[in-house]
Amino acid sequence: MTGRDPATGRDLATDRDPVAAGAARPVPVVDGAARPVPVAAGAARPVPVAGGAVPVLVLGVDAAGRPWPPAALAVLAGAGLVVGAARHLAAVPVPPDVETVVLGPLAPALDRLTAAHAAGLPTVVLASGDPGFFGVVRRLRAAGLPVRVLPAVSSVAAAFARAGLDWDGTVVVTAHGRDLGPALHACRALPAVAVLTAPGAGATEIGAGLAGWSRRLVVAEHLGSAAERVTWTTPEQAAARRWADPHVLLSLAAPAGADPAADPPTPAGVGPVRADNQPAAAPADGWALPESAYRHRDSMITKAEVRALAVARLRPRLGRLVWDVGAGSGSVGIECALLGAAVIAVERDPAAPIAVNAARHGVDVRVVTGDAPAVLRGLPDPDAVFVGGGGTAVLTAVADRRPARVVVTLAALDRIAPAVHLLRAAGYTVTGSQLTAARLADLPDGSIRLAATNPVVVLTGERP
Ligand SMILES: C[S@@+](CC[C@H](N)C(=O)[O-])C[C@H]1O[C@@H](n2cnc3c(N)ncnc32)[C@H](O)[C@@H]1O
């Protein structure tokens with residue numbers, strides 16, 4: 001290993017000395033149970049240093065299959081304890097007399113690592129790709145261990161490289177050890193998403209969840225190893241088969257005009273070049289946009305002042321799914337999508353300009369044409385629903401799906417009380433207000449008047 005450790009100032013390559021004859025040393029065992037055995041006289045072994053001063057070295061295992069750099073080999077040669085997954089331990093030249101701990105559950109390995117570190121033994125943790133990128137560094141820091149990281153090419157970078165695609169505008173999410181919903185909704189919402197998967201939360205499950213969305217998928221299994229396999233596929237095909245772990249999933253939407261069946265979807269990359277990769281940040285052009293920002297017919301559009309409140313109450317963000325039922329122009333759903341949510345716009349009129357408006361604002365809104373409530377049945381469960389059109393039957397069907405929030409706009413007075421009662425009976429806490437906006441309008445003589453818009457009642461149902 002070359003270079004000095006910033007924490008200690010020591011040259012890590014020289015943090016080991018010849019061994020005292022007959023001293024006990026650890027041997028490789030599985031699942032954390034290290035047994036000390038006598039060491040042959042004159043053999044080299046790492047010598048503990050005082051007080052755990054040497055940070056734990058976290059070595060990335062390269063997902064692009066590049067050979068180990070000399071610095072990493074030197075670290076391994078000098079290690080007293082090496083912790084890693086079986087596949088990582090098999091892939092690296094750990095000297096046979098060095099104690100290894102095979103992961104398994106992390107907690108017992110952390111205990112062993114902490115003890116070894118406290119005893120001053122040079123310790124190494126092997127982890128895939130860049131260990132600081134959705135990796136083990138967080139857990140080591142949380143356990144109070146100082147770390148020094150030698151990163152390698154991440155599985156995400158390697159997957160995009162193998163697919164021959166640029167990826168600077170990509171959002172990376174993980175499905176590891178958590179509910180699959182947020183990762184799936186990110187794939188539904190955004191044009192380029194990389195998903196770090198886990199057994200039971202991978203390409204099969206996400207492929208199934210993307211049925212109905214226009215996506216190409218790349219499944220990259222066992223990157224950097226002899227078993228590497230990179231497959232272009234569709235959500236339907238991905239759902240119908242099993243994939244080897246570990247794998248990374250890339251979910252790609254074809255830009256407008258590209259052939260969605262082509263691999264890759266467009267020769268230019270996966271989408272327009274973005275200046276950032278923060279799609280959940282506030283949209284550059286804001287929201288509660290004027291009606292003129294949308295194509296709409298017969299004023300079938302939620303007015304800007306009402307939309308501002310409705311969108312705020314829906315709490316859209318990356319990782320959530322919003323239904324816009326009775327979408328009309330799609331303005332409410334589109335603004336939710338601008339704020340990062342996955343959106344399904346439900347509208348009975350096939351001529352409604354939702355897709356045109358979504359394209360105009362650069363968001364991917366899935367349009368489902370048909371009559372609610374019937375058409376709602378096959379849709380994935382939403383986190384929030386905007387009901388801009390439809391009667392009691394629609395609201396009942398929506399409440400039955402138990403979204404965290406329901407926002408309803410009503411112009412007809414006789415529908416207000418039934419809607420409130422219905423939501424309350426379904427377990428929602430309901431708040432509401434009537435909005436009357438009077439907009440500035442110019443008079444011919446140069447003075448200004450106020451022009452009234454129609455009053456609307458906005459109801460919000462929230463689950464306590
Ligand atoms: C805890 S994350 C670690 C990510 C890692 N820090 C990196 O930069 O690649 C584990 C996930 O990374 C992906 N992964 C890691 N190594 C991989 C490999 N060699 N081939 C395919 N996917 C891999 C899988 O999605 C796996 O479930």
# chains A, B, ... in the order shown; residues from 1 in each chain; ligands from 1
>>> residues_near_ligand(ligand="ligand 1", cutoff="7 Å", atoms="only C-alpha atoms and all ligand atoms", output="MDAnalysis selection string")
chainID A and resid 63 127:136 153:156 176 195:198 220:225 245:248
>>> write_last_selection(atoms="C-alpha atoms", output="PDB file, in the first residue's frame")
ATOM      1  CA  ALA A  63     -17.385  -4.486 -10.668  1.00  0.00           C
ATOM      2  CA  ALA A 127     -17.110  -4.765  -0.240  1.00  0.00           C
ATOM      3  CA  SER A 128     -18.488  -4.491  -3.739  1.00  0.00           C
ATOM      4  CA  GLY A 129     -17.614  -1.558  -5.965  1.00  0.00           C
ATOM      5  CA  ASP A 130     -17.383   1.729  -4.139  1.00  0.00           C
ATOM      6  CA  PRO A 131     -17.970   0.823  -0.470  1.00  0.00           C
ATOM      7  CA  GLY A 132     -19.038   4.402   0.267  1.00  0.00           C
ATOM      8  CA  PHE A 133     -21.809   4.267  -2.338  1.00  0.00           C
ATOM      9  CA  PHE A 134     -24.804   2.413  -0.850  1.00  0.00           C
ATOM     10  CA  GLY A 135     -22.202   0.303   0.881  1.00  0.00           C
ATOM     11  CA  VAL A 136     -20.721  -0.869   4.134  1.00  0.00           C
ATOM     12  CA  VAL A 153     -15.625   0.764  -9.955  1.00  0.00           C
ATOM     13  CA  SER A 154     -19.180   0.615  -8.656  1.00  0.00           C
ATOM     14  CA  SER A 155     -21.694  -1.922  -9.956  1.00  0.00           C
ATOM     15  CA  VAL A 156     -23.825   0.960 -11.212  1.00  0.00           C
ATOM     16  CA  HIS A 176     -31.940  -3.474  -0.226  1.00  0.00           C
ATOM     17  CA  VAL A 195     -31.652   0.006  -8.793  1.00  0.00           C
ATOM     18  CA  LEU A 196     -29.406  -1.842  -6.369  1.00  0.00           C
ATOM     19  CA  THR A 197     -31.352  -4.998  -5.765  1.00  0.00           C
ATOM     20  CA  ALA A 198     -31.740  -7.629  -3.085  1.00  0.00           C
ATOM     21  CA  ALA A 220     -26.498  -6.816 -15.054  1.00  0.00           C
ATOM     22  CA  GLU A 221     -25.683  -9.977 -13.087  1.00  0.00           C
ATOM     23  CA  HIS A 222     -22.386 -10.886 -11.434  1.00  0.00           C
ATOM     24  CA  LEU A 223     -20.549  -7.916 -12.867  1.00  0.00           C
ATOM     25  CA  GLY A 224     -16.801  -8.178 -13.037  1.00  0.00           C
ATOM     26  CA  SER A 225     -16.725 -11.949 -12.594  1.00  0.00           C
ATOM     27  CA  ASP A 245     -27.890 -12.314  -7.318  1.00  0.00           C
ATOM     28  CA  PRO A 246     -26.190  -9.945  -7.165  1.00  0.00           C
ATOM     29  CA  HIS A 247     -27.584  -7.915 -10.010  1.00  0.00           C
ATOM     30  CA  VAL A 248     -28.162  -4.287 -10.839  1.00  0.00           C
TER      31      VAL A 248
END
>>> residues_around(residues="range 346-352 of chain A", least_positions_apart="2", cutoff="6 Å", atoms="only C-alpha atoms", output="ChimeraX atom specification")
/A:325-328,354,368-371
>>> write_last_selection(atoms="N, CA, C and O atoms", output="mmCIF file, in the first residue's frame")
data_model
loop_
_atom_site.group_PDB
_atom_site.id
_atom_site.type_symbol
_atom_site.label_atom_id
_atom_site.label_comp_id
_atom_site.auth_asym_id
_atom_site.auth_seq_id
_atom_site.Cartn_x
_atom_site.Cartn_y
_atom_site.Cartn_z
ATOM 1 N N VAL A 325 -57.227 11.347 -10.897
ATOM 2 C CA VAL A 325 -58.441 10.699 -11.435
ATOM 3 C C VAL A 325 -59.394 11.768 -11.971
ATOM 4 O O VAL A 325 -59.784 12.687 -11.249
ATOM 5 N N GLY A 326 -59.752 11.601 -13.226
ATOM 6 C CA GLY A 326 -60.510 12.642 -13.916
ATOM 7 C C GLY A 326 -59.529 13.739 -14.276
ATOM 8 O O GLY A 326 -59.717 14.907 -13.957
ATOM 9 N N ALA A 327 -58.473 13.324 -14.981
ATOM 10 C CA ALA A 327 -57.287 14.183 -15.088
ATOM 11 C C ALA A 327 -57.494 15.392 -15.994
ATOM 12 O O ALA A 327 -56.815 16.401 -15.835
ATOM 13 N N GLY A 328 -58.406 15.303 -16.987
ATOM 14 C CA GLY A 328 -58.633 16.442 -17.889
ATOM 15 C C GLY A 328 -57.375 16.785 -18.664
ATOM 16 O O GLY A 328 -56.862 15.995 -19.449
ATOM 17 N N ILE A 354 -53.419 14.975 -22.203
ATOM 18 C CA ILE A 354 -52.521 14.723 -21.065
ATOM 19 C C ILE A 354 -51.103 14.401 -21.537
ATOM 20 O O ILE A 354 -50.120 14.979 -21.049
ATOM 21 N N VAL A 368 -54.041 6.435 -18.355
ATOM 22 C CA VAL A 368 -54.935 5.283 -18.434
ATOM 23 C C VAL A 368 -56.296 5.811 -18.873
ATOM 24 O O VAL A 368 -56.915 6.623 -18.172
ATOM 25 N N THR A 369 -56.724 5.380 -20.055
ATOM 26 C CA THR A 369 -57.979 5.876 -20.604
ATOM 27 C C THR A 369 -59.103 4.909 -20.249
ATOM 28 O O THR A 369 -58.992 3.713 -20.509
ATOM 29 N N GLY A 370 -60.148 5.431 -19.638
ATOM 30 C CA GLY A 370 -61.279 4.573 -19.293
ATOM 31 C C GLY A 370 -62.102 5.208 -18.197
ATOM 32 O O GLY A 370 -61.765 6.285 -17.685
ATOM 33 N N ASP A 371 -63.177 4.520 -17.859
ATOM 34 C CA ASP A 371 -64.111 5.041 -16.865
ATOM 35 C C ASP A 371 -63.741 4.594 -15.462
ATOM 36 O O ASP A 371 -63.633 3.393 -15.202
#
>>> residues_around(residues="Ala240 in chain A", least_positions_apart="5", cutoff="9 Å", atoms="only C-alpha atoms", output="PyMOL selection string")
chain A and resi 204+207-208+235
>>> write_last_selection(atoms="N, CA, C and O atoms", output="mmCIF file, in the first residue's frame")
data_model
loop_
_atom_site.group_PDB
_atom_site.id
_atom_site.type_symbol
_atom_site.label_atom_id
_atom_site.label_comp_id
_atom_site.auth_asym_id
_atom_site.auth_seq_id
_atom_site.Cartn_x
_atom_site.Cartn_y
_atom_site.Cartn_z
ATOM 1 N N THR A 204 -37.090 -9.265 -11.309
ATOM 2 C CA THR A 204 -38.375 -9.965 -11.470
ATOM 3 C C THR A 204 -39.502 -9.109 -10.893
ATOM 4 O O THR A 204 -40.522 -8.846 -11.551
ATOM 5 N N GLY A 207 -39.757 -5.629 -12.650
ATOM 6 C CA GLY A 207 -40.345 -5.841 -13.977
ATOM 7 C C GLY A 207 -41.856 -5.983 -13.863
ATOM 8 O O GLY A 207 -42.612 -5.369 -14.629
ATOM 9 N N ALA A 208 -42.314 -6.761 -12.885
ATOM 10 C CA ALA A 208 -43.762 -6.941 -12.709
ATOM 11 C C ALA A 208 -44.428 -5.610 -12.386
ATOM 12 O O ALA A 208 -45.500 -5.287 -12.914
ATOM 13 N N PRO A 235 -40.044 -5.060 -19.198
ATOM 14 C CA PRO A 235 -40.607 -5.363 -17.882
ATOM 15 C C PRO A 235 -41.316 -6.715 -17.859
ATOM 16 O O PRO A 235 -41.144 -7.495 -16.910
#
>>> select_by_dssp(residues="range 87-233 of chain A", states="alpha helix (DSSP H)", output="number ranges by chain")
A: 87-91, 106-118, 137-142, 155-163, 181-189, 203-209
>>> closest_residue(among="A:Thr233, A:Pro382, A:Leu314, A:Ser331", to="Ile301 in chain A", atoms="only C-alpha atoms")
A:Ser331
>>> atom_distance(atom1="CA of Ala175 in chain A", atom2="CA of Ala85 in chain A")
18.9 Å
>>> residues_around(residues="range 444-456 of chain A", least_positions_apart="2", cutoff="6 Å", atoms="only C-alpha atoms", output="list in words")
Leu410, Ala411, Gln434, Leu435, Thr436, Ala437, Ala438, Arg439, Leu440, Ala441 and Asp442 of chain A
>>> closest_residue(among="A:Pro105, A:Gly209, A:Gly169, A:Pro403", to="Leu423 in chain A", atoms="only C-alpha atoms")
A:Pro403
>>> residues_around(residues="Ala211 in chain A", least_positions_apart="4", cutoff="12 Å", atoms="only C-alpha atoms", output="list of chain:residue names")
A:Leu184, A:Cys187, A:Arg188, A:Thr204, A:Glu205, A:Ile206, A:Gly207, A:Arg215, A:Arg216, A:Leu217, A:Thr234, A:Pro235, A:Glu236, A:Gln237, A:Ala238, A:Ala239, A:Ala240, A:Arg366, A:Gly378, A:Leu379, A:Pro380
>>> write_last_selection(atoms="C-alpha atoms", output="mmCIF file, in the first residue's frame")
data_model
loop_
_atom_site.group_PDB
_atom_site.id
_atom_site.type_symbol
_atom_site.label_atom_id
_atom_site.label_comp_id
_atom_site.auth_asym_id
_atom_site.auth_seq_id
_atom_site.Cartn_x
_atom_site.Cartn_y
_atom_site.Cartn_z
ATOM 1 C CA LEU A 184 -40.367 1.029 -8.092
ATOM 2 C CA CYS A 187 -38.518 3.743 -12.023
ATOM 3 C CA ARG A 188 -42.080 4.676 -12.888
ATOM 4 C CA THR A 204 -38.375 -9.965 -11.470
ATOM 5 C CA GLU A 205 -40.357 -7.928 -8.970
ATOM 6 C CA ILE A 206 -39.594 -4.514 -10.487
ATOM 7 C CA GLY A 207 -40.345 -5.841 -13.977
ATOM 8 C CA ARG A 215 -39.442 0.969 -20.258
ATOM 9 C CA ARG A 216 -36.418 -0.960 -21.426
ATOM 10 C CA LEU A 217 -34.550 -2.774 -18.693
ATOM 11 C CA THR A 234 -38.705 -5.632 -21.164
ATOM 12 C CA PRO A 235 -40.607 -5.363 -17.882
ATOM 13 C CA GLU A 236 -42.848 -8.255 -18.934
ATOM 14 C CA GLN A 237 -39.938 -10.524 -19.828
ATOM 15 C CA ALA A 238 -38.018 -9.568 -16.694
ATOM 16 C CA ALA A 239 -41.043 -10.413 -14.556
ATOM 17 C CA ALA A 240 -41.339 -13.851 -16.097
ATOM 18 C CA ARG A 366 -48.789 7.150 -17.494
ATOM 19 C CA GLY A 378 -55.960 -2.992 -12.108
ATOM 20 C CA LEU A 379 -53.756 -0.072 -11.086
ATOM 21 C CA PRO A 380 -50.977 -0.272 -8.479
#
>>> atom_distance(atom1="CA of Val367 in chain A", atom2="CA of Ala355 in chain A")
7.0 Å
